[in-house]
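Asks: Please find final02.cif (mmCIF, C-alpha atoms and all ligand atoms) on the next line:
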data_upload
#
loop_
_atom_site.label_atom_id
_atom_site.label_comp_id
_atom_site.auth_asym_id
_atom_site.auth_seq_id
_atom_site.Cartn_x
_atom_site.Cartn_y
_atom_site.Cartn_z
CA MET N 1 148.49 55.44 102.12
CA SER N 2 146.10 54.57 99.33
CA ALA N 3 142.38 55.03 99.47
CA PRO N 4 140.39 51.80 99.90
CA HIS N 5 139.56 49.99 96.70
CA ASP N 6 136.61 51.39 94.85
CA ALA N 7 133.32 50.26 96.41
CA GLU N 8 131.53 49.98 93.07
CA GLU N 9 134.30 47.78 91.76
CA ASP N 10 133.91 45.65 94.86
CA GLU N 11 130.22 45.13 94.09
CA LEU N 12 131.21 43.61 90.76
CA ALA N 13 133.41 41.01 92.41
CA THR N 14 132.20 37.50 91.76
CA THR N 15 133.69 35.75 94.75
CA GLY N 16 131.41 32.98 96.03
CA PRO N 17 129.91 32.91 99.55
CA ALA N 18 132.34 30.29 100.88
CA GLU N 19 135.35 32.20 99.61
CA ARG N 20 133.94 35.44 100.99
CA ASP N 21 133.82 33.85 104.44
CA ARG N 22 137.28 32.34 104.15
CA TYR N 23 138.89 35.63 103.12
CA SER N 24 136.53 38.04 104.87
CA ARG N 25 139.10 39.34 107.37
CA GLN N 26 141.54 39.98 104.53
CA SER N 27 139.15 41.56 102.02
CA ARG N 28 137.86 43.86 104.77
CA PHE N 29 141.36 45.35 104.98
CA TRP N 30 141.49 48.68 103.08
CA GLY N 31 144.47 47.64 100.96
CA ILE N 32 142.77 44.53 99.57
CA GLY N 33 138.98 44.86 99.28
CA ARG N 34 136.88 42.30 97.45
CA ALA N 35 138.29 43.30 94.10
CA GLY N 36 141.80 42.87 95.47
CA GLN N 37 140.84 39.45 96.77
CA GLU N 38 139.63 38.53 93.28
CA ARG N 39 143.03 39.50 91.92
CA LEU N 40 144.78 37.42 94.57
CA CYS N 41 142.59 34.41 93.72
CA ALA N 42 143.52 34.80 90.05
CA GLY N 43 147.19 35.49 90.86
CA ARG N 44 150.08 33.34 89.63
CA VAL N 45 153.19 33.30 91.81
CA LEU N 46 156.44 31.39 91.31
CA VAL N 47 158.32 30.49 94.51
CA ILE N 48 161.91 29.54 93.69
CA GLY N 49 163.44 27.59 96.55
CA CYS N 50 161.19 26.11 99.21
CA GLY N 51 163.45 26.15 102.25
CA ALA N 52 163.01 28.56 105.15
CA LEU N 53 161.77 31.66 103.28
CA GLY N 54 160.02 29.69 100.54
CA SER N 55 158.06 27.35 102.79
CA VAL N 56 156.82 30.18 105.00
CA ALA N 57 155.93 32.19 101.89
CA VAL N 58 154.00 29.31 100.30
CA ASP N 59 152.04 28.91 103.54
CA LEU N 60 151.16 32.63 103.72
CA LEU N 61 150.32 32.92 100.02
CA ALA N 62 148.09 29.83 100.11
CA ARG N 63 146.22 31.10 103.17
CA ALA N 64 145.81 34.49 101.46
CA GLY N 65 144.14 32.68 98.57
CA VAL N 66 146.75 33.28 95.85
CA GLY N 67 145.23 30.96 93.28
CA HIS N 68 148.18 29.47 91.43
CA ILE N 69 151.51 28.78 93.11
CA THR N 70 154.44 27.16 91.32
CA VAL N 71 157.10 25.78 93.67
CA VAL N 72 160.57 24.81 92.44
CA ASP N 73 163.10 23.24 94.82
CA ARG N 74 166.05 20.85 94.38
CA ASP N 75 166.28 19.59 97.96
CA PHE N 76 164.46 17.23 100.33
CA VAL N 77 163.18 17.71 103.90
CA GLU N 78 165.58 16.93 106.77
CA LEU N 79 165.10 17.06 110.54
CA SER N 80 167.34 20.14 110.85
CA ASN N 81 164.92 22.05 108.57
CA LEU N 82 161.95 21.80 110.95
CA GLN N 83 163.12 24.54 113.32
CA ARG N 84 162.27 27.17 110.67
CA GLN N 85 160.60 25.57 107.64
CA LEU N 86 157.09 25.88 108.97
CA LEU N 87 155.30 23.99 106.23
CA PHE N 88 157.07 20.67 106.94
CA ASP N 89 156.86 18.08 109.72
CA GLU N 90 158.65 15.01 111.13
CA ALA N 91 156.94 12.67 108.69
CA ASP N 92 158.35 14.67 105.75
CA ALA N 93 161.84 14.52 107.28
CA ALA N 94 161.60 10.78 108.05
CA ALA N 95 160.50 10.09 104.48
CA GLY N 96 163.00 12.53 102.97
CA THR N 97 160.16 13.99 100.92
CA PRO N 98 161.22 16.55 98.30
CA LYS N 99 160.34 20.01 99.60
CA ALA N 100 158.27 20.98 96.57
CA ILE N 101 156.15 17.84 96.98
CA ALA N 102 155.80 18.24 100.76
CA ALA N 103 154.75 21.87 100.19
CA ALA N 104 152.08 20.89 97.67
CA ARG N 105 150.68 18.25 100.06
CA ALA N 106 150.61 20.73 102.95
CA VAL N 107 148.81 23.37 100.88
CA ALA N 108 146.20 20.79 99.83
CA ARG N 109 145.35 20.45 103.55
CA ILE N 110 145.47 24.20 104.24
CA ASN N 111 143.57 25.56 101.24
CA SER N 112 142.26 23.07 98.70
CA GLU N 113 141.17 25.91 96.39
CA VAL N 114 144.78 26.80 95.64
CA GLU N 115 146.50 25.08 92.73
CA VAL N 116 150.12 24.21 93.50
CA ARG N 117 152.47 23.01 90.77
CA PRO N 118 155.52 21.41 92.41
CA PHE N 119 158.81 20.90 90.54
CA VAL N 120 161.66 18.95 92.10
CA ALA N 121 164.38 20.64 90.10
CA ASP N 122 167.38 22.90 90.05
CA VAL N 123 166.65 26.28 88.49
CA THR N 124 169.11 26.62 85.62
CA PRO N 125 169.75 28.90 82.61
CA THR N 126 167.92 26.26 80.56
CA ASN N 127 164.64 26.20 82.47
CA VAL N 128 164.35 29.51 84.35
CA GLU N 129 162.64 31.48 81.55
CA GLU N 130 160.00 28.80 81.12
CA PHE N 131 159.16 29.06 84.84
CA VAL N 132 159.18 32.87 84.96
CA ALA N 133 157.25 33.45 81.71
CA HIS N 134 153.99 32.05 83.07
CA VAL N 135 153.61 34.00 86.31
CA ASP N 136 152.73 37.49 87.57
CA VAL N 137 155.35 37.67 90.34
CA VAL N 138 158.39 35.66 91.46
CA LEU N 139 159.29 35.21 95.15
CA ASP N 140 162.90 34.42 95.98
CA GLY N 141 163.33 31.56 98.44
CA THR N 142 166.81 30.57 97.23
CA ASP N 143 169.93 30.34 99.34
CA ASN N 144 172.61 31.40 96.88
CA PHE N 145 173.72 34.33 94.76
CA GLU N 146 174.13 32.34 91.57
CA THR N 147 170.44 31.44 91.37
CA ARG N 148 169.41 34.98 92.32
CA TYR N 149 171.46 36.44 89.45
CA LEU N 150 169.83 33.94 87.14
CA VAL N 151 166.34 34.82 88.40
CA ASN N 152 167.21 38.52 88.08
CA ASP N 153 168.31 38.05 84.46
CA ALA N 154 165.15 36.12 83.56
CA CYS N 155 162.81 38.56 85.32
CA VAL N 156 164.43 41.68 83.84
CA LYS N 157 164.45 40.11 80.36
CA LEU N 158 160.79 39.05 80.57
CA GLY N 159 159.57 42.09 82.55
CA VAL N 160 158.29 40.08 85.52
CA PRO N 161 158.63 41.61 89.01
CA TRP N 162 160.38 39.61 91.73
CA VAL N 163 160.86 39.97 95.46
CA TYR N 164 164.32 39.21 96.79
CA GLY N 165 164.68 37.85 100.30
CA GLY N 166 167.52 36.56 102.45
CA ALA N 167 167.89 35.60 106.11
CA ILE N 168 170.82 34.52 108.26
CA GLY N 169 171.42 34.59 112.00
CA SER N 170 168.89 37.10 113.32
CA THR N 171 169.13 39.33 110.25
CA GLY N 172 167.25 39.52 107.00
CA MET N 173 166.80 41.58 103.86
CA SER N 174 164.13 42.10 101.28
CA MET N 175 163.82 44.11 98.09
CA THR N 176 161.11 44.45 95.48
CA ILE N 177 162.46 44.50 91.94
CA VAL N 178 160.18 45.80 89.19
CA PRO N 179 161.95 45.69 85.80
CA GLY N 180 162.05 49.05 84.05
CA GLU N 181 161.08 50.84 87.24
CA THR N 182 163.36 49.99 90.16
CA ALA N 183 166.97 48.97 90.61
CA CYS N 184 167.60 45.32 89.85
CA PHE N 185 169.48 42.82 92.01
CA ARG N 186 172.68 43.36 90.03
CA CYS N 187 172.50 47.14 90.43
CA LEU N 188 172.78 46.50 94.15
CA PHE N 189 175.17 43.56 94.08
CA PRO N 190 177.23 43.84 90.86
CA ALA N 191 179.24 40.70 91.64
CA PRO N 192 178.84 37.80 94.07
CA PRO N 193 180.76 38.11 97.33
CA PRO N 194 184.15 36.33 97.32
CA VAL N 195 183.88 32.67 98.21
CA GLY N 196 184.53 31.99 101.87
CA THR N 197 183.82 35.55 103.00
CA MET N 198 180.09 35.11 103.43
CA GLU N 199 178.53 33.16 106.23
CA THR N 200 175.75 30.69 105.52
CA CYS N 201 172.91 29.36 107.67
CA GLU N 202 175.02 26.25 108.26
CA THR N 203 177.90 28.27 109.72
CA ALA N 204 176.16 31.25 111.38
CA GLY N 205 172.84 29.62 112.26
CA VAL N 206 169.45 31.19 111.59
CA LEU N 207 166.49 32.16 113.76
CA ALA N 208 163.04 31.16 112.56
CA ALA N 209 161.66 34.48 113.81
CA GLY N 210 163.96 36.32 111.40
CA VAL N 211 163.03 34.03 108.53
CA VAL N 212 159.30 34.47 109.18
CA THR N 213 159.71 38.27 109.35
CA VAL N 214 161.46 38.41 105.97
CA ALA N 215 159.04 35.95 104.34
CA ALA N 216 156.14 38.05 105.66
CA MET N 217 157.65 41.22 104.16
CA GLN N 218 158.12 39.40 100.85
CA CYS N 219 154.54 38.12 100.85
CA ALA N 220 153.10 41.56 101.60
CA GLU N 221 155.07 42.89 98.61
CA VAL N 222 153.76 40.06 96.40
CA MET N 223 150.21 40.89 97.48
CA LYS N 224 150.72 44.61 96.69
CA LEU N 225 152.04 43.67 93.25
CA LEU N 226 149.08 41.35 92.60
CA VAL N 227 146.41 43.84 93.69
CA GLY N 228 148.20 46.64 91.83
CA ASP N 229 149.02 48.91 94.78
CA ARG N 230 152.01 50.70 93.30
CA GLU N 231 152.01 53.54 95.79
CA ASN N 232 152.61 51.45 98.90
CA ARG N 233 155.26 49.12 97.53
CA SER N 234 158.54 49.02 99.42
CA ARG N 235 161.20 51.23 97.84
CA GLY N 236 164.78 50.06 97.94
CA LEU N 237 166.33 47.57 100.29
CA THR N 238 164.91 46.76 103.70
CA ALA N 239 167.18 45.13 106.29
CA ILE N 240 166.20 44.04 109.79
CA ASP N 241 167.78 42.40 112.81
CA ILE N 242 165.15 40.87 115.06
CA TRP N 243 167.69 40.31 117.87
CA THR N 244 169.21 43.80 118.09
CA ASN N 245 166.08 45.50 116.69
CA ASP N 246 168.06 47.37 114.06
CA HIS N 247 166.09 48.40 110.99
CA LEU N 248 167.46 49.89 107.83
CA GLN N 249 165.63 51.22 104.80
CA ALA N 250 168.02 52.05 101.95
CA GLU N 251 166.23 54.18 99.42
CA GLY N 252 167.37 56.72 96.89
CA ARG N 253 169.17 56.20 93.63
CA LEU N 254 169.99 52.54 93.76
CA ARG N 255 169.56 52.01 90.04
CA ASP N 256 172.87 51.78 88.17
CA PRO N 257 172.65 52.94 84.53
CA GLY N 258 175.78 50.90 83.82
CA CYS N 259 174.28 47.70 85.25
CA PRO N 260 175.04 44.84 82.80
CA CYS N 261 171.57 43.39 83.37
CA CYS N 262 168.93 46.14 83.54
CA GLY N 263 171.16 48.91 82.09
CA GLN N 264 172.75 47.12 79.15
CA GLN N 265 170.34 44.19 78.77
CA ARG N 266 173.23 41.73 78.88
CA PHE N 267 171.99 38.60 80.61
CA GLU N 268 175.27 36.94 81.48
CA TYR N 269 173.86 34.38 83.89
CA LEU N 270 170.98 33.49 81.62
CA ASP N 271 173.31 33.17 78.66
CA ALA N 272 175.52 30.97 80.84
CA VAL N 273 178.49 33.25 80.27
CA VAL N 274 178.84 33.15 84.02
CA THR N 275 177.69 29.85 85.39
CA SER N 276 178.83 26.92 87.48
CA ARG N 277 179.89 23.71 85.88
CA THR N 278 179.12 20.68 87.93
CA ALA N 279 180.25 17.23 86.92
CA SER N 280 180.52 13.79 88.44
CA LEU N 281 184.02 12.43 88.79
CA CYS N 282 184.21 9.19 86.92
CA GLY N 283 184.46 6.11 89.13
CA ARG N 284 185.00 8.04 92.34
CA ASP N 285 181.49 8.37 93.78
CA ALA N 286 182.18 12.09 93.91
CA ILE N 287 181.07 15.31 92.27
CA GLN N 288 183.14 18.28 91.33
CA VAL N 289 181.45 21.63 91.61
CA ASN N 290 183.18 24.28 89.55
CA PRO N 291 182.01 27.87 90.00
CA GLY N 292 182.96 28.46 86.35
CA ARG N 293 184.74 31.73 86.90
CA ALA N 294 188.09 32.69 88.32
CA LEU N 295 187.94 32.81 92.09
CA ALA N 296 190.57 33.37 94.71
CA VAL N 297 189.30 31.73 97.87
CA ASP N 298 190.77 32.84 101.16
CA LEU N 299 191.24 29.32 102.52
CA ALA N 300 192.07 30.51 106.04
CA ASP N 301 188.81 32.51 106.19
CA LEU N 302 186.83 29.64 104.76
CA GLY N 303 188.41 27.20 107.21
CA ARG N 304 187.43 29.42 110.15
CA THR N 305 183.85 29.69 108.86
CA LEU N 306 183.53 25.95 108.35
CA LYS N 307 184.83 25.14 111.85
CA ALA N 308 181.31 25.89 113.12
CA THR N 309 180.14 22.70 111.40
CA GLY N 310 182.83 20.35 112.74
CA PRO N 311 186.50 19.44 112.40
CA VAL N 312 188.31 21.09 109.51
CA THR N 313 191.64 20.06 108.04
CA SER N 314 193.57 22.24 105.67
CA ASN N 315 196.85 22.93 103.96
CA GLU N 316 197.92 25.75 101.70
CA TYR N 317 195.98 24.31 98.76
CA LEU N 318 192.67 23.17 100.20
CA VAL N 319 190.24 23.03 103.10
CA ARG N 320 188.52 19.76 103.96
CA CYS N 321 185.56 19.07 106.21
CA VAL N 322 182.72 16.58 106.60
CA VAL N 323 179.23 17.99 106.04
CA ASP N 324 176.03 15.94 106.18
CA GLY N 325 178.10 12.77 105.93
CA HIS N 326 179.98 13.90 102.83
CA GLU N 327 183.62 14.80 102.76
CA MET N 328 183.96 18.13 101.01
CA THR N 329 187.25 19.49 99.77
CA ILE N 330 187.46 23.10 98.61
CA PHE N 331 190.36 24.41 96.55
CA ALA N 332 191.73 27.94 96.31
CA ASP N 333 190.27 28.40 92.82
CA GLY N 334 186.77 27.81 94.18
CA ARG N 335 186.34 24.23 93.01
CA ALA N 336 184.98 21.69 95.45
CA ILE N 337 184.97 17.92 95.39
CA ILE N 338 182.16 16.31 97.30
CA LYS N 339 182.49 12.61 98.05
CA GLY N 340 179.81 10.03 98.64
CA THR N 341 177.34 11.14 96.01
CA THR N 342 176.85 10.92 92.28
CA ASP N 343 173.90 13.30 92.31
CA LEU N 344 174.83 16.69 90.81
CA SER N 345 172.05 18.56 92.60
CA VAL N 346 173.08 17.14 96.00
CA ALA N 347 176.65 18.31 95.41
CA ARG N 348 175.55 21.76 94.21
CA SER N 349 173.22 22.08 97.19
CA LEU N 350 176.03 21.23 99.67
CA TYR N 351 178.36 23.66 97.89
CA ALA N 352 175.78 26.45 98.08
CA ARG N 353 175.03 25.78 101.73
CA TYR N 354 178.58 25.47 103.04
CA VAL N 355 180.72 27.47 100.66
CA GLY N 356 177.94 29.95 100.19
CA THR N 357 177.86 31.27 96.66
ZN ZN K 401 170.36 46.57 87.30
#
With the file now loaded, output its structure as structure tokens.
Replies:
Amino acid sequence: MSAPHDAEEDELATTGPAERDRYSRQSRFWGIGRAGQERLCAGRVLVIGCGALGSVAVDLLARAGVGHITVVDRDFVELSNLQRQLLFDEADAAAGTPKAIAAARAVARINSEVEVRPFVADVTPTNVEEFVAHVDVVLDGTDNFETRYLVNDACVKLGVPWVYGGAIGSTGMSMTIVPGETACFRCLFPAPPPVGTMETCETAGVLAAGVVTVAAMQCAEVMKLLVGDRENRSRGLTAIDIWTNDHLQAEGRLRDPGCPCCGQQRFEYLDAVVTSRTASLCGRDAIQVNPGRALAVDLADLGRTLKATGPVTSNEYLVRCVVDGHEMTIFADGRAIIKGTTDLSVARSLYARYVGT
């Protein structure tokens, strides 16, 4: 454990009386102090994805007084989100408000001193560096590997720390990635899991208690990074199961010297060497999502996973189901055709949620 922040340094803090009252219970904590609170108030955090983890994180960071929060999300609020996305309410779902916008409005009611910059957007190789370059820390609230690899590339390239998080069922994981110091996301997961082998929140369900636990771990890590407490940062990968009470801390030599990203400085996702290609299908009111790399989907496995969402039909070439009112057809090479939309981000979002990569 670290010693409390230096008392003399605390005397120099310029926090105003109102702020001192608002954050008094936090700045009294030995790991923060008034100087730490000053750093939080000046802190710039990027939250990528404002679903379950992201919305809880934005709430916690805003209440902690993190001064500048950028929120990027491509989706809108739905009724089925409310069970775990604590920042949103029925009015947001009824209006179909974009999550980034709903988050900014909620924070304005919670802590008007915090500046939130909402972006209703997909994070892509084209825009990710621009987002990452202007912040101190990135918090992962995404739901897919592709975006995490992209965020990892951008953060390692620009030397910005990021905190990975994931939650499904009653389980969750978190890892703090500090470029040049710790293992990166690709050291741990060199390649995305095969399509159809990984469950998603839509197929396996997710408990809000697990989500909140992971988001809380992520936020504590962000706060340690902002106040500069290197000693107490989490090392390695933390995994928890709030139903079975299992807890795993994987430490040790996780860093891979041969890692394409942090080892060789090859940013394949950022350079769009490995990326998805999504395109609308002319005149069909449908979108094709193409993972952009050779995949061999186990259609039988995928069919079994998707059965949790409703009736599934399949043959040896494809699996078909109806999700959120859209007929989705997935082929053995990983392509999917999603009917009933011409919006690329809607199709990519459905693909990420139900096919899971
Ligand atoms: Zn690496």
Asks: How would you write, as an mmCIF file with C-alpha atoms, in the frame of the given file, the set of residues no farther than 7 Å from ligand ZN 401 (chain K) when counting only C-alpha atoms and all ligand atoms?
Replies:
data_model
loop_
_atom_site.group_PDB
_atom_site.id
_atom_site.type_symbol
_atom_site.label_atom_id
_atom_site.label_comp_id
_atom_site.auth_asym_id
_atom_site.auth_seq_id
_atom_site.Cartn_x
_atom_site.Cartn_y
_atom_site.Cartn_z
ATOM 1 C CA ALA N 183 166.970 48.970 90.610
ATOM 2 C CA CYS N 184 167.600 45.320 89.850
ATOM 3 C CA PHE N 185 169.480 42.820 92.010
ATOM 4 C CA ARG N 186 172.680 43.360 90.030
ATOM 5 C CA CYS N 187 172.500 47.140 90.430
ATOM 6 C CA ARG N 255 169.560 52.010 90.040
ATOM 7 C CA ASP N 256 172.870 51.780 88.170
ATOM 8 C CA CYS N 259 174.280 47.700 85.250
ATOM 9 C CA PRO N 260 175.040 44.840 82.800
ATOM 10 C CA CYS N 261 171.570 43.390 83.370
ATOM 11 C CA CYS N 262 168.930 46.140 83.540
ATOM 12 C CA GLY N 263 171.160 48.910 82.090
#
Asks: Write out as a list of chain:residue names the residues lying within 12 Å of N:Gly159, counting only C-alpha atoms and excluding same-chain residues fewer than 2 positions away.
Replies: N:Glu129, N:Val132, N:Ala133, N:His134, N:Val135, N:Asp136, N:Val137, N:Val138, N:Val151, N:Asn152, N:Asp153, N:Ala154, N:Cys155, N:Val156, N:Lys157, N:Pro161, N:Trp162, N:Ile177, N:Val178, N:Pro179, N:Gly180, N:Glu181, N:Thr182, N:Cys184, N:Cys262, N:Gln265
Asks: Show me the residues close to (169.3, 26.0, 85.3) - anything with an atom within 10 Å, counting all atoms listed in the file - and format the list as a PyMOL selection string.
Replies: chain N and resi 121-129+147+150-151+269-270+272+275-276
Asks: From the set N:Ala42, N:Cys219, N:Leu344, N:Leu207, which residue has the shortest atom-to-atom contact distance to N:Val114, counting all atoms listed in the file?
Replies: N:Ala42
Asks: Measuring between all atoms listed in the file, which one of N:Arg84, N:Arg148, N:Arg74, N:Arg235 shows the shortest distance to N:Lys99?
Replies: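 Looking only at the distances to N:Lys99, the closest residue turns out to be N:Arg74.
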Asks: May I ask which of the residues N:Asn111, N:Gln288, N:Thr97, N:Gln85 is the closest one to N:Ala62, counting only C-alpha atoms?
Replies: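 The shortest atom-to-atom distance to N:Ala62 comes from N:Asn111.
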Asks: Would you work out the distance separating atom CA of N:Tyr351 from atom CA of N:Ala336, expressed in Å to one decimal?
Replies: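 Rounded to one decimal, the two atoms are 7.3 Å apart.
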Asks: Go through N:Arg25, N:Arg117, N:Arg233, N:Arg266 and flag the residue nearest N:Ser174, using only C-alpha atoms for the distances.
Replies: N:Arg233
Asks: Using only C-alpha atoms, determine which residues lie at most 9 Å from N:Val107, disregarding the query and same-chain residues fewer than 2 positions distant; provide the list as a list of chain:residue names.
Replies: N:Val58, N:Asp59, N:Ala62, N:Arg63, N:Leu87, N:Ala102, N:Ala103, N:Ala104, N:Arg105, N:Arg109, N:Ile110, N:Asn111, N:Ser112, N:Val114, N:Glu115, N:Val116
Asks: Fewer than 6 positions away in the same chain doesn't count, so skip those; otherwise give me all residues within 7 Å of stretch 240-252 of chain N, counting all atoms listed in the file, as a PDB file with C-alpha atoms, keeping the file's coordinate frame.
Replies:
ATOM      1  CA  SER N 170     168.890  37.100 113.320  1.00  0.00           C
ATOM      2  CA  THR N 171     169.130  39.330 110.250  1.00  0.00           C
ATOM      3  CA  GLY N 172     167.250  39.520 107.000  1.00  0.00           C
ATOM      4  CA  MET N 173     166.800  41.580 103.860  1.00  0.00           C
ATOM      5  CA  GLY N 210     163.960  36.320 111.400  1.00  0.00           C
TER       6      GLY N 210
END
Asks: Taking 6 positions as the minimum chain separation for residues in the same chain, which residues sit within 8 Å of N:Thr203 when counting only C-alpha atoms? Answer as a list in words.
Replies: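 Within the cut-off, the hits are Thr305, Leu306, Lys307, Ala308, Thr309 and Tyr354 of chain N.
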Asks: My list of candidates is N:Val56, N:Arg230, N:Ile101, N:Asp75. Which is closest to N:Val346 when distances are computed with all atoms listed in the file?
Replies: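 The closest residue to N:Val346 is N:Asp75.
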Asks: Hey, can you check how far atom CA of N:Met223 sits from atom CA of N:Ala64?
Replies: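 Atom CA of N:Ala64 lies at a distance of 8.7 Å from atom CA of N:Met223.
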Asks: Counting all atoms listed in the file, which of N:Leu46, N:Val163, N:Gly303, N:Phe189 gets nearest to N:Lys224?
Replies: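 Of N:Leu46, N:Val163, N:Gly303, N:Phe189, the one nearest N:Lys224 is N:Val163, counting all atoms listed in the file.
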Asks: Env of N:Val312: 9 Å cut, atoms = only C-alpha atoms, seq-sep filter 6 positions within chain, self excluded. Answer as a list in words.
Replies: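 Contacts, with the query itself left out: Gly303, Arg304, Leu306, Val319, Arg320, Cys321 and Val322 of chain N.
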Asks: Suppose you want the space between atom CA of N:Arg348 and atom CA of N:Phe119; what is it in Å?
Replies: 17.2 Å
Asks: Can you patch up stretch 339-356 of chain N, filling it in to N, CA, C and O atoms, and show the result as a tab-separated table (two decimals), in the frame of the given file?
Replies:
chain	number	residue	atom	x	y	z
N	339	LYS	N	182.46	14.07	98.13
N	339	LYS	CA	182.49	12.61	98.05
N	339	LYS	C	181.20	12.01	98.55
N	339	LYS	O	180.48	12.59	99.36
N	340	GLY	N	180.94	10.79	98.10
N	340	GLY	CA	179.81	10.03	98.64
N	340	GLY	C	178.50	10.33	97.94
N	340	GLY	O	177.44	10.02	98.46
N	341	THR	N	178.56	10.91	96.78
N	341	THR	CA	177.34	11.14	96.01
N	341	THR	C	177.68	11.16	94.52
N	341	THR	O	178.79	11.51	94.13
N	342	THR	N	176.70	10.76	93.73
N	342	THR	CA	176.85	10.92	92.28
N	342	THR	C	175.74	11.82	91.75
N	342	THR	O	175.54	11.95	90.55
N	343	ASP	N	175.03	12.45	92.68
N	343	ASP	CA	173.90	13.30	92.31
N	343	ASP	C	174.38	14.77	92.21
N	343	ASP	O	174.78	15.37	93.20
N	344	LEU	N	174.32	15.32	91.03
N	344	LEU	CA	174.83	16.69	90.81
N	344	LEU	C	174.12	17.71	91.68
N	344	LEU	O	174.73	18.63	92.22
N	345	SER	N	172.79	17.55	91.84
N	345	SER	CA	172.05	18.56	92.60
N	345	SER	C	172.37	18.48	94.09
N	345	SER	O	172.39	19.50	94.77
N	346	VAL	N	172.66	17.28	94.60
N	346	VAL	CA	173.08	17.14	96.00
N	346	VAL	C	174.39	17.88	96.21
N	346	VAL	O	174.57	18.65	97.15
N	347	ALA	N	175.33	17.67	95.29
N	347	ALA	CA	176.65	18.31	95.41
N	347	ALA	C	176.53	19.83	95.31
N	347	ALA	O	177.13	20.56	96.09
N	348	ARG	N	175.72	20.30	94.37
N	348	ARG	CA	175.55	21.76	94.21
N	348	ARG	C	174.88	22.37	95.44
N	348	ARG	O	175.19	23.47	95.86
N	349	SER	N	173.93	21.61	96.00
N	349	SER	CA	173.22	22.08	97.19
N	349	SER	C	174.20	22.21	98.37
N	349	SER	O	174.19	23.20	99.09
N	350	LEU	N	175.05	21.19	98.57
N	350	LEU	CA	176.03	21.23	99.67
N	350	LEU	C	177.00	22.40	99.45
N	350	LEU	O	177.34	23.13	100.38
N	351	TYR	N	177.42	22.57	98.22
N	351	TYR	CA	178.36	23.66	97.89
N	351	TYR	C	177.72	25.02	98.23
N	351	TYR	O	178.33	25.86	98.88
N	352	ALA	N	176.47	25.18	97.83
N	352	ALA	CA	175.78	26.45	98.08
N	352	ALA	C	175.61	26.69	99.58
N	352	ALA	O	175.74	27.81	100.06
N	353	ARG	N	175.32	25.62	100.30
N	353	ARG	CA	175.03	25.78	101.73
N	353	ARG	C	176.30	26.03	102.56
N	353	ARG	O	176.26	26.77	103.54
N	354	TYR	N	177.40	25.38	102.20
N	354	TYR	CA	178.58	25.47	103.04
N	354	TYR	C	179.66	26.41	102.51
N	354	TYR	O	180.40	26.99	103.29
N	355	VAL	N	179.74	26.54	101.20
N	355	VAL	CA	180.72	27.47	100.66
N	355	VAL	C	180.05	28.82	100.43
N	355	VAL	O	180.67	29.85	100.56
N	356	GLY	N	178.77	28.75	100.10
N	356	GLY	CA	177.94	29.95	100.19
N	356	GLY	C	177.92	30.87	99.01
N	356	GLY	O	177.78	32.07	99.16
